[in-house]
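Notes to accompany the following structure.
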Amino acid sequence: MKSFLPLNWGVDKASKIARGRSWESGSGRRQRTFEIYRFDPDAEHDARLDIYHIDCDDCGPMVLDALIKIKNEIDSTLTFRRSCREGVCGSCSMNIDGRNWLACTQPIDGIKGTIRVFPLNHLPVIKDLVVDLSHLYAQHRLIEPWLQTEGPEPERERLQSPRDRAELDGYYECILCFCCTGGCPSYWWNGDRYLGPAVLLQAYRWLIDSRDETTGERLDKLEDPFRLYRCHTIMNCTKTCPKGLEPAKAIARTKAMLVARKQ
Ligand code: SF4
Ligand code: SF4
Ligand code: FES
């Protein structure tokens with residue numbers, strides 16, 4: 001049978017992923033096999049794929065439950081991020097069965113055959129399933145994701161009508177998991193300057209906030225051939241958002257705002 005050995009992305013373009021260790025199989029009735037990407041920056045060997053067997057009768061239902069079980073009971077060196085286990089914090093994003101998703105909201109039973117788990121694609125890998133998000137956070141800072149006003153401070157809170165508040169639906173729910181950005185081909189090729197779907201969705205969320213008074217300045221920052229216009233509407237981002245958001249729509253609407261202000 002042909003083995004599944006894709007190119008190693010993120011670590012060293014020239015390197016391949018080697019077959020790793022196959023950990024001993026357990027004895028449960030509902031065994032599932034996990035093939036997991038391992039990379040240790042301190043080790044001399046290349047990245048590898050390790051194989052683990054989990055008895056699903058003795059494990060929670062989600063892929064994250066299996067990863068935690070592996071770490072607790074089989075191999076404590078397996079490294080991944082997680083926090084809430086509720087699809088809220090965005091920490092456990094990774095590539096599962098070929099799709100970027102949250103490990104805590106991906107049921108094991110939703111995947112047939114071997115469950116293959118990799119880091120988010122095309123981002124530098126720090127260790128195992130943990131990717132380096134420093135550049136993405138710097139890009140997020142660039143769009144100044146906070147409320148900005150120019151007038152005097154109100155005595156109490158800044159009010160927003162229910163209708164204006166509803167305008168933010170579909171955008172404010174973003175948890176910055178970066179599943180979309182990891183899956184965006186334009187970001188793969190131009191991620192140094194293109195802001196990518198997650199950051200652009202966040203930018204749009206502030207552009208349409210009725211309380212914000214710096215819309216013009218925000219649009220000025222985005223009017224750039226690389227920061228915004230590298231989006232070619234390929235729509236991978238929308239398919240891979242675990243919160244069901246539509247970054248491509250936010251990007252298209254931002255482009256429309258830029259056109260509208262010229263007329
Ligand atoms: S629609 Fe734009 S942001 Fe989304 S995947 Fe395609 S190029 Fe990337
Ligand atoms: S838009 Fe969706 S996929 Fe992208 S960062 Fe936000 S929640 Fe994650
Ligand atoms: S652990 Fe928080 S989103 Fe998965």
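Residue names in the structure tokens use chain letters A, B, ... in the order shown, residue numbers from 1 in each chain, and ligand numbers from 1 in the order shown.
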
List the neighbours of region 248-259 of chain A out to 9 Å using only C-alpha atoms; skip same-chain residues closer than 2 positions along the sequence, and give me the result as an mmCIF file with C-alpha atoms, in the first residue's frame.
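Done, and the output landed in result_38.cif:
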```cif
data_model
loop_
_atom_site.group_PDB
_atom_site.id
_atom_site.type_symbol
_atom_site.label_atom_id
_atom_site.label_comp_id
_atom_site.auth_asym_id
_atom_site.auth_seq_id
_atom_site.Cartn_x
_atom_site.Cartn_y
_atom_site.Cartn_z
ATOM 1 C CA TYR A 171 -18.053 38.910 12.379
ATOM 2 C CA PRO A 197 -8.812 36.161 5.921
ATOM 3 C CA LEU A 200 -9.271 41.044 7.317
ATOM 4 C CA LEU A 201 -12.497 39.738 8.866
ATOM 5 C CA GLN A 202 -11.434 41.384 12.122
ATOM 6 C CA ALA A 203 -10.648 44.601 10.253
ATOM 7 C CA TYR A 204 -14.133 44.594 8.729
ATOM 8 C CA ARG A 205 -15.711 44.012 12.149
ATOM 9 C CA LEU A 207 -15.053 49.134 9.952
ATOM 10 C CA LEU A 219 -9.729 52.026 5.069
ATOM 11 C CA ASP A 220 -6.549 53.999 4.242
ATOM 12 C CA LEU A 222 -6.149 48.549 3.970
ATOM 13 C CA GLU A 223 -5.959 50.244 0.557
ATOM 14 C CA LEU A 228 -6.189 43.430 1.018
ATOM 15 C CA TYR A 229 -6.124 42.873 -2.709
ATOM 16 C CA CYS A 231 -7.577 37.898 -1.894
ATOM 17 C CA THR A 233 -11.993 34.905 -3.773
ATOM 18 C CA ILE A 234 -10.881 31.264 -3.766
ATOM 19 C CA MET A 235 -13.212 30.764 -0.749
ATOM 20 C CA ASN A 236 -11.130 28.153 1.099
ATOM 21 C CA CYS A 237 -11.416 30.373 4.157
ATOM 22 C CA THR A 238 -15.197 30.142 4.322
ATOM 23 C CA LEU A 245 -18.139 32.673 9.477
ATOM 24 C CA GLU A 246 -17.490 34.024 6.004
ATOM 25 C CA ARG A 261 -15.771 56.102 -0.979
ATOM 26 C CA LYS A 262 -14.203 57.019 -4.324
ATOM 27 C CA GLN A 263 -17.589 57.730 -5.928
#
```

>> Run DSSP on the backbone and tell me which residues of region 10-118 of chain A come out as strand (DSSP E); list them as a PyMOL selection string.
In response: chain A and resi 18-22+31-38+48-55+93-96+99-102+115-118

Same residues, C-alpha atoms, output as a PDB file, in the first residue's frame:
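The resulting selection14.pdb:
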```pdb
ATOM      1  CA  ALA A  18       9.668  10.303   7.948  1.00  0.00           C
ATOM      2  CA  ARG A  19       7.771   7.302   9.267  1.00  0.00           C
ATOM      3  CA  GLY A  20       7.980   7.543  13.045  1.00  0.00           C
ATOM      4  CA  ARG A  21       7.267   5.259  15.923  1.00  0.00           C
ATOM      5  CA  SER A  22       4.227   3.025  16.043  1.00  0.00           C
ATOM      6  CA  GLN A  31      -9.761   0.850  18.506  1.00  0.00           C
ATOM      7  CA  ARG A  32      -9.020   3.876  16.304  1.00  0.00           C
ATOM      8  CA  THR A  33      -5.670   4.690  14.770  1.00  0.00           C
ATOM      9  CA  PHE A  34      -4.200   8.183  14.898  1.00  0.00           C
ATOM     10  CA  GLU A  35      -1.301   9.251  12.708  1.00  0.00           C
ATOM     11  CA  ILE A  36       0.188  12.385  14.210  1.00  0.00           C
ATOM     12  CA  TYR A  37       2.829  14.804  12.968  1.00  0.00           C
ATOM     13  CA  ARG A  38       5.810  15.096  15.301  1.00  0.00           C
ATOM     14  CA  ARG A  48       7.982  12.192  11.506  1.00  0.00           C
ATOM     15  CA  LEU A  49       4.530  10.648  11.718  1.00  0.00           C
ATOM     16  CA  ASP A  50       3.867   8.623  14.869  1.00  0.00           C
ATOM     17  CA  ILE A  51       1.046   6.107  15.089  1.00  0.00           C
ATOM     18  CA  TYR A  52      -1.121   5.710  18.186  1.00  0.00           C
ATOM     19  CA  HIS A  53      -4.075   3.407  18.872  1.00  0.00           C
ATOM     20  CA  ILE A  54      -6.914   4.570  21.095  1.00  0.00           C
ATOM     21  CA  ASP A  55      -9.836   2.625  22.528  1.00  0.00           C
ATOM     22  CA  SER A  93      -6.814  24.600  15.666  1.00  0.00           C
ATOM     23  CA  MET A  94      -4.923  22.053  13.585  1.00  0.00           C
ATOM     24  CA  ASN A  95      -5.211  20.150  10.329  1.00  0.00           C
ATOM     25  CA  ILE A  96      -7.410  17.091  10.914  1.00  0.00           C
ATOM     26  CA  ARG A  99      -9.103  20.137   6.893  1.00  0.00           C
ATOM     27  CA  ASN A 100      -8.180  22.935   9.293  1.00  0.00           C
ATOM     28  CA  TRP A 101     -10.552  22.680  12.247  1.00  0.00           C
ATOM     29  CA  LEU A 102     -10.744  22.798  16.047  1.00  0.00           C
ATOM     30  CA  ILE A 115      -7.246   9.943  11.750  1.00  0.00           C
ATOM     31  CA  ARG A 116      -4.405  12.102  10.467  1.00  0.00           C
ATOM     32  CA  VAL A 117      -3.464  15.121  12.510  1.00  0.00           C
ATOM     33  CA  PHE A 118      -1.040  17.811  11.347  1.00  0.00           C
TER      34      PHE A 118
END
```

>> Using only C-alpha atoms and all ligand atoms, which residues of the polymer chains come no farther than 6 Å from ligand 2? I'd like the answer as a VMD selection string.
In response: chain A and resid 174 to 180 198 241 to 243 245 247

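Compared by their closest atoms to Arg218 (chain A), and using only C-alpha atoms, the residues A:Gly151, A:Pro61, A:Pro145, A:Gly110 rank with A:Pro145 nearest.
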
> When DSSP works through the backbone of this structure, what residues of region 45-188 of chain A end up as helix (DSSP H, G or I), shown as a ChimeraX atom specification?
Replying inline: /A:56-58,63-74,103-105,108-110,134-142,162-166,179-182,185-188

With C-alpha atoms retained, export the selected residues as a PDB file, in the first residue's frame.
```pdb
ATOM      1  CA  CYS A  56     -12.733   4.970  21.834  1.00  0.00           C
ATOM      2  CA  ASP A  57     -14.877   3.257  24.492  1.00  0.00           C
ATOM      3  CA  ASP A  58     -12.421   4.678  27.011  1.00  0.00           C
ATOM      4  CA  VAL A  63     -10.160  14.464  18.513  1.00  0.00           C
ATOM      5  CA  LEU A  64      -8.892  16.697  21.324  1.00  0.00           C
ATOM      6  CA  ASP A  65      -9.997  14.057  23.866  1.00  0.00           C
ATOM      7  CA  ALA A  66      -7.860  11.510  22.035  1.00  0.00           C
ATOM      8  CA  LEU A  67      -4.846  13.859  21.960  1.00  0.00           C
ATOM      9  CA  ILE A  68      -5.200  14.465  25.706  1.00  0.00           C
ATOM     10  CA  LYS A  69      -5.495  10.720  26.301  1.00  0.00           C
ATOM     11  CA  ILE A  70      -2.358  10.077  24.262  1.00  0.00           C
ATOM     12  CA  LYS A  71      -0.465  12.750  26.190  1.00  0.00           C
ATOM     13  CA  ASN A  72      -1.679  11.506  29.585  1.00  0.00           C
ATOM     14  CA  GLU A  73      -1.413   7.773  29.042  1.00  0.00           C
ATOM     15  CA  ILE A  74       0.859   6.943  26.119  1.00  0.00           C
ATOM     16  CA  ALA A 103      -9.722  19.487  17.636  1.00  0.00           C
ATOM     17  CA  CYS A 104     -12.258  20.049  20.430  1.00  0.00           C
ATOM     18  CA  THR A 105     -15.226  20.277  18.041  1.00  0.00           C
ATOM     19  CA  ILE A 108     -13.656  11.175  16.146  1.00  0.00           C
ATOM     20  CA  ASP A 109     -16.628   9.297  14.707  1.00  0.00           C
ATOM     21  CA  GLY A 110     -16.940  11.928  11.987  1.00  0.00           C
ATOM     22  CA  SER A 134       3.810  35.741  16.041  1.00  0.00           C
ATOM     23  CA  HIS A 135       3.553  37.143  12.509  1.00  0.00           C
ATOM     24  CA  LEU A 136      -0.232  36.742  12.502  1.00  0.00           C
ATOM     25  CA  TYR A 137      -0.544  38.518  15.832  1.00  0.00           C
ATOM     26  CA  ALA A 138       1.638  41.356  14.510  1.00  0.00           C
ATOM     27  CA  GLN A 139      -0.681  41.607  11.494  1.00  0.00           C
ATOM     28  CA  HIS A 140      -3.665  41.637  13.837  1.00  0.00           C
ATOM     29  CA  ARG A 141      -2.104  44.513  15.805  1.00  0.00           C
ATOM     30  CA  LEU A 142      -1.652  46.418  12.547  1.00  0.00           C
ATOM     31  CA  PRO A 162     -29.924  46.782  18.521  1.00  0.00           C
ATOM     32  CA  ARG A 163     -29.956  47.158  14.743  1.00  0.00           C
ATOM     33  CA  ASP A 164     -26.365  48.460  14.604  1.00  0.00           C
ATOM     34  CA  ARG A 165     -25.294  45.786  17.016  1.00  0.00           C
ATOM     35  CA  ALA A 166     -26.860  43.124  14.759  1.00  0.00           C
ATOM     36  CA  CYS A 179      -7.982  27.897  10.443  1.00  0.00           C
ATOM     37  CA  CYS A 180      -9.002  30.180   7.564  1.00  0.00           C
ATOM     38  CA  THR A 181      -5.640  31.871   7.164  1.00  0.00           C
ATOM     39  CA  GLY A 182      -3.784  28.550   7.276  1.00  0.00           C
ATOM     40  CA  PRO A 185      -3.565  29.851  -0.849  1.00  0.00           C
ATOM     41  CA  SER A 186      -2.995  33.584  -1.258  1.00  0.00           C
ATOM     42  CA  TYR A 187      -1.669  33.695   2.296  1.00  0.00           C
ATOM     43  CA  TRP A 188       0.665  30.777   1.582  1.00  0.00           C
TER      44      TRP A 188
END
```

> Could you pull the residues within 10 Å of Ser210 (chain A), counting only C-alpha atoms, minus those fewer than 2 positions along the same chain, as an NGL selection string?
Replying inline: :A and (147 or 159-161 or 163-165 or 167-168 or 206-208 or 212-213 or 215)

Wanna dump the chain A-ligand 3 contacts at 6 Å for me, each residue with its shortest atom pair and the distance in Å to one decimal, counting only C-alpha atoms and all ligand atoms, ordered by chain and number, as a tab-separated table?
```
residue	atom	partner	partner_atom_place_in_ligand_line	distance
A:Arg82	CA	ligand 3	1 (S)	4.1
A:Ser83	CA	ligand 3	1 (S)	4.3
A:Cys84	CA	ligand 3	2 (Fe)	3.9
A:Arg85	CA	ligand 3	1 (S)	3.8
A:Glu86	CA	ligand 3	2 (Fe)	5.5
A:Gly87	CA	ligand 3	3 (S)	3.5
A:Val88	CA	ligand 3	3 (S)	4.6
A:Cys89	CA	ligand 3	2 (Fe)	3.9
A:Gly90	CA	ligand 3	3 (S)	3.9
A:Ser91	CA	ligand 3	2 (Fe)	5.0
A:Cys92	CA	ligand 3	4 (Fe)	4.3
A:Leu102	CA	ligand 3	4 (Fe)	5.3
A:Ala103	CA	ligand 3	4 (Fe)	5.8
A:Cys104	CA	ligand 3	4 (Fe)	4.4
```

With C-alpha atoms retained, write the just-selected residues as a PDB file, in the first residue's frame.
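Listing of again_10.pdb after writing:
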```pdb
ATOM      1  CA  ARG A  82      -5.705  23.739  23.967  1.00  0.00           C
ATOM      2  CA  SER A  83      -7.602  25.549  26.656  1.00  0.00           C
ATOM      3  CA  CYS A  84     -11.415  25.756  26.701  1.00  0.00           C
ATOM      4  CA  ARG A  85     -12.422  22.415  25.101  1.00  0.00           C
ATOM      5  CA  GLU A  86     -15.594  24.243  23.997  1.00  0.00           C
ATOM      6  CA  GLY A  87     -14.731  25.801  20.628  1.00  0.00           C
ATOM      7  CA  VAL A  88     -14.336  29.199  22.256  1.00  0.00           C
ATOM      8  CA  CYS A  89     -10.644  29.973  22.745  1.00  0.00           C
ATOM      9  CA  GLY A  90      -9.353  29.028  19.276  1.00  0.00           C
ATOM     10  CA  SER A  91      -6.218  27.361  20.689  1.00  0.00           C
ATOM     11  CA  CYS A  92      -6.664  23.817  19.394  1.00  0.00           C
ATOM     12  CA  LEU A 102     -10.744  22.798  16.047  1.00  0.00           C
ATOM     13  CA  ALA A 103      -9.722  19.487  17.636  1.00  0.00           C
ATOM     14  CA  CYS A 104     -12.258  20.049  20.430  1.00  0.00           C
TER      15      CYS A 104
END
```

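Among the candidates A:Lys239, A:Lys112, A:His232, A:Lys221, the residue lying nearest to ligand 1 is A:His232 (atoms considered: only C-alpha atoms and all ligand atoms).
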
>> Residues near region 225-227 of chain A, anyone? I mean within 9 Å using only C-alpha atoms, not counting same-chain ones fewer than 6 positions away, as a ChimeraX atom specification.
In response: /A:190,193-196,200
